[in-house]
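Undergrad: Next up is a structure, given as structure tokens.
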Amino acid sequence: MYNKIDVDKIDLNSEPPTDELERQYYFMAKCRKWVNDFKQKNGRFPKACVVNLGCQMNARDSEKLEGILEAVGYQKTASEDADFVIYNTCTVRENANLKVYGRLGQLGKRKEKHPWMKIALCGCMMQEPQVVEKLKKSYRFVDLIFGTHNIYKFAEYLAEILTKEQMVVEIWKDTDRIVENLPVDRKYPFKSGVNIMFGCNNFCSYCIVPYVRGRERSRRPEEILAEVKRLADDGVVEVMLLGQNVNSYGKNLEHPMTFAQLLREVAKVEGIERIRFMTSHPKDLSDELIEVMASEPKVCRHLHLPLQSGSSRILKQMNRRYTKEQYLELVDKLRRAVPDISLTTDIIVGFPGETEEDFQETLDVVRRVRYDSAFTFQYSKRSGTPAAAMENQVPHEEVQRHFDQLLAEVQQIAGEVCRRDEHTVRQVLVESVNEHDASLVSGRMSNNTLVHFPGDASLIGTLQNVYLEESRGFYYMGRLAL
Ligand code: SAH
Ligand code: SF4
Ligand code: F3S
């Protein structure tokens with residue numbers, strides 16, 4: 001963890017500072033005082049549970065929440081049987097949204113038995129006014145609600161709910177602020193996500209993300225590189241650069257810089273052995289980026305390139321700004337430049353107006369590209385997006401039928417594609433002891449494929465050359481190569 005300011009040296013008799021970073025550390029000190037009093041009274045430190053319900057960007061935000069809770073003195077727990085529970089929510093599809101209400105109901109019952117418990121909600125779902133209204137009305141036991149734009153004020157809100165009884169609700173519509181250098185508690189010692197930008201300007205017609213995450217803002221390269229260097233000094237060997245559309249990184253900076261240039265700079269950081277990034281929008285994927293992927297060995301041989309649909313007609317309705325042909329051309333270019341690249345994707349089935357022919361176009365792309373894996377989603381209507389107002393919504397039975405067909409095709413192909421490295425030696429970053437068999441460790445190849453092989457916990461976080469003995473569909477069994 002990186003702390004610019006020593007929380008114990010802060011004078012709590014002074015007024016809260018106006019500088020945002022100093023201000024948040026001031027409130028961390030306040031919370032720490034509360035935590036120490038709790039310890040005095042109860043003979044133990046309070047426990048906090050952060051539940052991440054969203055994408056990698058949310059996961060990184062959850063690490064920031066945990067960083068603050070740790071700095072304050074809370075003990076981290078995975079159990080919701082805790083003194084403080086926070087859900088970091090997602091709202092990209094309806095079912096993500098519904099799950100929250102179910103879980104929250106359970107949590108409310110727990111709080112009836114443990115009235116001192118504090119419950120908080122944050123993340124993308126909180127940016128929807130109707131959600132907040134519903135919570136205020138029917139979930140009165142919630143103590144704190146905040147959104148995606150003011151997450152850096154978490155310490156300040158926590159201080160407020162710890163010392164007062166009423167519900168605190170603060171949601172901002174947007175922000176242009178990025179507050180650097182708040183504490184972070186990383187989930188893995190050897191790999192880490194690094195935000196390079198926030199928000200999205202693309203407004204794909206089905207997607208709620210631009211509405212809940214706000215406009216695109218890039219972090220300054222100096223800040224990103226300083227963070228990557230700190231991570232490397234701290235033992236991190238793999239970084240995942242995060243943004244909704246990393247290919248448009250740097251456009252709104254005072255001194256504009258391309259994503260490819262940023263990658264080259266990150267690759268120069270000593271100690272960093274692998275660089276991944278997520279997500280790439282096909283419309284902005286430059287030749288310069290392909291060149292860096294081909295020439296820079298630290299950049300992983302994997303690209304997640306969301307297709308969404310194989311039908312040019314639907315892509316236009318989706319406002320994706322590429323055609324089927326342009327997508328396939330891009331894939332050809334990538335494969336020519338980086339022959340061993342592994343491609344993965346996201347596909348939506350049942351976008352309004354999608355016909356049998358449109359669906360066949362999607363299947364056609366899947367068969368031609370032969371993805372290593374694909375996340376397939378049934379279209380989910382998100383209120384406020386242009387697609388939600390489209391008239392020709394596809395009946396559920398048809399969506400289900402296409403979805404099942406697509407999934408079967410994707411899995412069949414992935415099973416075939418993933419064997420291509422059988423009987424070769426590949427570098428694997430060891431991530432954990434195998435969950436089912438403690439004599440094995442599990443790790444990932446540069447192209448993100450999972451490998452299990454005999455080994456022990458001392459290998460975690462190291463890069464090992466592994467002979468891939470046998471492909472089991474989506475993963476390999478291997479052994480250390482001599
Ligand atoms: N920024 C990323 C994706 C973020 S959301 C990108 O542009 O690729 C992750 C995935 O969720 C999307 O790629 C899309 O496939 C899916 N998704 C987004 N909105 C959806 C909706 N309304 N219904 C179903 N799937 C959706
Ligand atoms: Fe959503 Fe499109 Fe932005 Fe991705 S690029 S977050 S799918 S609007
Ligand atoms: Fe991610 Fe879900 Fe928000 S996908 S950006 S957590 S709506």
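Following the order of the structure tokens, first chain is A, next is B, and so on, with residues numbered from 1 inside each chain and ligands from 1 in the order they appear.
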All residues within 6 Å of ligand 1 are required, counting only C-alpha atoms and all ligand atoms; please report them as a count of residues only.
TA: 19
Undergrad: Residues within 10 Å of ligand 2 should be enumerated using only C-alpha atoms and all ligand atoms and returned as a ChimeraX atom specification.
TA: /A:92,199-213,215-216,243-246,279-283,306-308,318-320,346,385
Undergrad: Counting only C-alpha atoms and all ligand atoms, what are the residues, protein, DNA or RNA alike, that approach ligand 3 to within 6 Å? I want them as a ChimeraX atom specification.
TA: /A:54-55,57-58,90-92,124,209
Undergrad: Can you tell me, as a ChimeraX atom specification, which residues in region 88-280 of chain A count as strand (DSSP E or B) by DSSP?
TA: /A:88-89,118-123,144-146,168-170,191-195,197-198,217-218,238-242,274-278
Undergrad: Leaving out Asn52 (chain A) and any residue of its chain fewer than 5 positions from it, which residues lie within 9 Å of it when counting only C-alpha atoms, given as a ChimeraX atom specification?
TA: /A:58-59,61-62,86-90
Undergrad: Print the selection's residues with C-alpha atoms to a file, as a short mmCIF file (atom, residue, chain, number, x, y, z; two decimals), in the first residue's frame.
TA:
```cif
data_model
loop_
_atom_site.label_atom_id
_atom_site.label_comp_id
_atom_site.auth_asym_id
_atom_site.auth_seq_id
_atom_site.Cartn_x
_atom_site.Cartn_y
_atom_site.Cartn_z
CA ASN A 58 -15.29 -1.81 -10.46
CA ALA A 59 -12.88 -4.39 -9.05
CA ASP A 61 -12.49 0.70 -7.36
CA SER A 62 -13.21 -1.95 -4.72
CA ILE A 86 -20.43 -2.21 1.06
CA TYR A 87 -21.76 -3.39 -2.32
CA ASN A 88 -19.97 -1.93 -5.32
CA THR A 89 -22.72 -2.37 -7.90
CA CYS A 90 -23.02 -2.87 -11.66
#
```
Undergrad: In terms of the shortest atom-to-atom distance over only C-alpha atoms, which of A:Leu12, A:Val179, A:Met167, A:Leu242 is closest to Gln56 (chain A)?
TA: A:Leu242
Undergrad: Determine the nearest neighbour of Val237 (chain A) from the options A:Ile272, A:Ile151, A:Ala260, A:Val35, counting only C-alpha atoms.
TA: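 Counting only C-alpha atoms, the residue closest to Val237 (chain A) is A:Ile272.
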Undergrad: What does the structure give for the distance between CA of Val466 (chain A) and CA of Phe375 (chain A), in Å to one decimal?
TA: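 Result for CA of Val466 (chain A) versus CA of Phe375 (chain A): 27.5 Å, one decimal.
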Undergrad: Measuring atom to atom with only C-alpha atoms, identify which of A:Glu288, A:Glu397, A:Glu254, A:Glu63 is nearest to Cys49 (chain A).
TA: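 Using only C-alpha atoms, the shortest distance to Cys49 (chain A) belongs to A:Glu63.
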Undergrad: Determine, counting only C-alpha atoms, which protein, DNA and RNA residues have an atom within 7 Å of an atom of Gly443 (chain A); residues of the same chain fewer than 4 positions away are not included. Present the result as a short mmCIF file (atom, residue, chain, number, x, y, z; two decimals) with N, CA, C and O atoms, in the first residue's frame.
TA:
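After the write, out19.cif holds the following:
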```cif
data_model
loop_
_atom_site.label_atom_id
_atom_site.label_comp_id
_atom_site.auth_asym_id
_atom_site.auth_seq_id
_atom_site.Cartn_x
_atom_site.Cartn_y
_atom_site.Cartn_z
N VAL A 428 4.47 -19.22 -17.90
CA VAL A 428 3.24 -19.15 -17.11
C VAL A 428 3.49 -18.28 -15.87
O VAL A 428 4.50 -18.47 -15.18
N LEU A 429 2.61 -17.34 -15.61
CA LEU A 429 2.67 -16.59 -14.35
C LEU A 429 1.82 -17.35 -13.33
O LEU A 429 0.61 -17.47 -13.50
N VAL A 430 2.47 -17.86 -12.30
CA VAL A 430 1.76 -18.69 -11.32
C VAL A 430 0.93 -17.78 -10.41
O VAL A 430 1.44 -16.82 -9.84
N GLU A 431 -0.37 -18.08 -10.32
CA GLU A 431 -1.27 -17.19 -9.58
C GLU A 431 -1.76 -17.76 -8.25
O GLU A 431 -2.04 -17.01 -7.33
N SER A 432 -1.90 -19.08 -8.16
CA SER A 432 -2.47 -19.63 -6.91
C SER A 432 -2.19 -21.12 -6.81
O SER A 432 -1.83 -21.76 -7.80
N LEU A 450 -5.40 -20.75 -19.07
CA LEU A 450 -5.09 -21.28 -17.75
C LEU A 450 -4.27 -22.57 -17.86
O LEU A 450 -4.54 -23.41 -18.71
N VAL A 451 -3.27 -22.71 -16.96
CA VAL A 451 -2.45 -23.92 -16.93
C VAL A 451 -2.33 -24.41 -15.48
O VAL A 451 -2.11 -23.60 -14.58
N HIS A 452 -2.50 -25.72 -15.28
CA HIS A 452 -2.30 -26.30 -13.95
C HIS A 452 -1.09 -27.24 -14.04
O HIS A 452 -0.96 -27.99 -15.01
#
```
Undergrad: I'd like the contact shell of Leu241 (chain A) - 8 Å cut-off, only C-alpha atoms, skipping same-chain residues fewer than 2 positions apart - returned as a PyMOL selection string.
TA: chain A and resi 193-196+239+243+246+275-278
Undergrad: Kindly export the residues of the current selection with N, CA, C and O atoms, as a PDB file, in the first residue's frame.
TA:
```pdb
ATOM      1  N   GLY A 193      -4.447  -4.165 -11.550  1.00  0.00           N
ATOM      2  CA  GLY A 193      -5.090  -3.296 -12.529  1.00  0.00           C
ATOM      3  C   GLY A 193      -4.568  -1.883 -12.339  1.00  0.00           C
ATOM      4  O   GLY A 193      -4.157  -1.512 -11.239  1.00  0.00           O
ATOM      5  N   VAL A 194      -4.527  -1.122 -13.403  1.00  0.00           N
ATOM      6  CA  VAL A 194      -4.135   0.281 -13.322  1.00  0.00           C
ATOM      7  C   VAL A 194      -5.116   1.068 -14.188  1.00  0.00           C
ATOM      8  O   VAL A 194      -5.193   0.831 -15.394  1.00  0.00           O
ATOM      9  N   ASN A 195      -5.871   1.967 -13.592  1.00  0.00           N
ATOM     10  CA  ASN A 195      -6.786   2.777 -14.409  1.00  0.00           C
ATOM     11  C   ASN A 195      -5.968   3.703 -15.280  1.00  0.00           C
ATOM     12  O   ASN A 195      -5.059   4.367 -14.792  1.00  0.00           O
ATOM     13  N   ILE A 196      -6.280   3.756 -16.553  1.00  0.00           N
ATOM     14  CA  ILE A 196      -5.610   4.776 -17.371  1.00  0.00           C
ATOM     15  C   ILE A 196      -6.623   5.837 -17.796  1.00  0.00           C
ATOM     16  O   ILE A 196      -6.262   6.925 -18.179  1.00  0.00           O
ATOM     17  N   VAL A 239       0.746  -5.942 -15.144  1.00  0.00           N
ATOM     18  CA  VAL A 239      -0.263  -4.883 -14.978  1.00  0.00           C
ATOM     19  C   VAL A 239      -1.315  -5.014 -16.073  1.00  0.00           C
ATOM     20  O   VAL A 239      -1.031  -5.418 -17.192  1.00  0.00           O
ATOM     21  N   GLY A 243      -9.623   0.672 -18.962  1.00  0.00           N
ATOM     22  CA  GLY A 243     -10.466   1.767 -19.440  1.00  0.00           C
ATOM     23  C   GLY A 243     -11.588   1.176 -20.270  1.00  0.00           C
ATOM     24  O   GLY A 243     -11.456   0.046 -20.765  1.00  0.00           O
ATOM     25  N   VAL A 246      -9.670   1.764 -24.186  1.00  0.00           N
ATOM     26  CA  VAL A 246      -8.278   2.196 -24.021  1.00  0.00           C
ATOM     27  C   VAL A 246      -7.701   2.769 -25.317  1.00  0.00           C
ATOM     28  O   VAL A 246      -6.777   3.574 -25.287  1.00  0.00           O
ATOM     29  N   ILE A 275       2.192  -6.955 -19.748  1.00  0.00           N
ATOM     30  CA  ILE A 275       1.216  -5.862 -19.788  1.00  0.00           C
ATOM     31  C   ILE A 275      -0.026  -6.347 -20.523  1.00  0.00           C
ATOM     32  O   ILE A 275       0.063  -6.856 -21.643  1.00  0.00           O
ATOM     33  N   ARG A 276      -1.154  -6.206 -19.868  1.00  0.00           N
ATOM     34  CA  ARG A 276      -2.442  -6.495 -20.510  1.00  0.00           C
ATOM     35  C   ARG A 276      -3.246  -5.206 -20.553  1.00  0.00           C
ATOM     36  O   ARG A 276      -2.931  -4.244 -19.837  1.00  0.00           O
ATOM     37  N   PHE A 277      -4.307  -5.196 -21.325  1.00  0.00           N
ATOM     38  CA  PHE A 277      -5.184  -4.017 -21.326  1.00  0.00           C
ATOM     39  C   PHE A 277      -6.590  -4.420 -21.708  1.00  0.00           C
ATOM     40  O   PHE A 277      -6.807  -5.441 -22.330  1.00  0.00           O
ATOM     41  N   MET A 278      -7.511  -3.567 -21.312  1.00  0.00           N
ATOM     42  CA  MET A 278      -8.924  -3.890 -21.427  1.00  0.00           C
ATOM     43  C   MET A 278      -9.719  -2.604 -21.337  1.00  0.00           C
ATOM     44  O   MET A 278      -9.468  -1.852 -20.411  1.00  0.00           O
TER      45      MET A 278
END
```
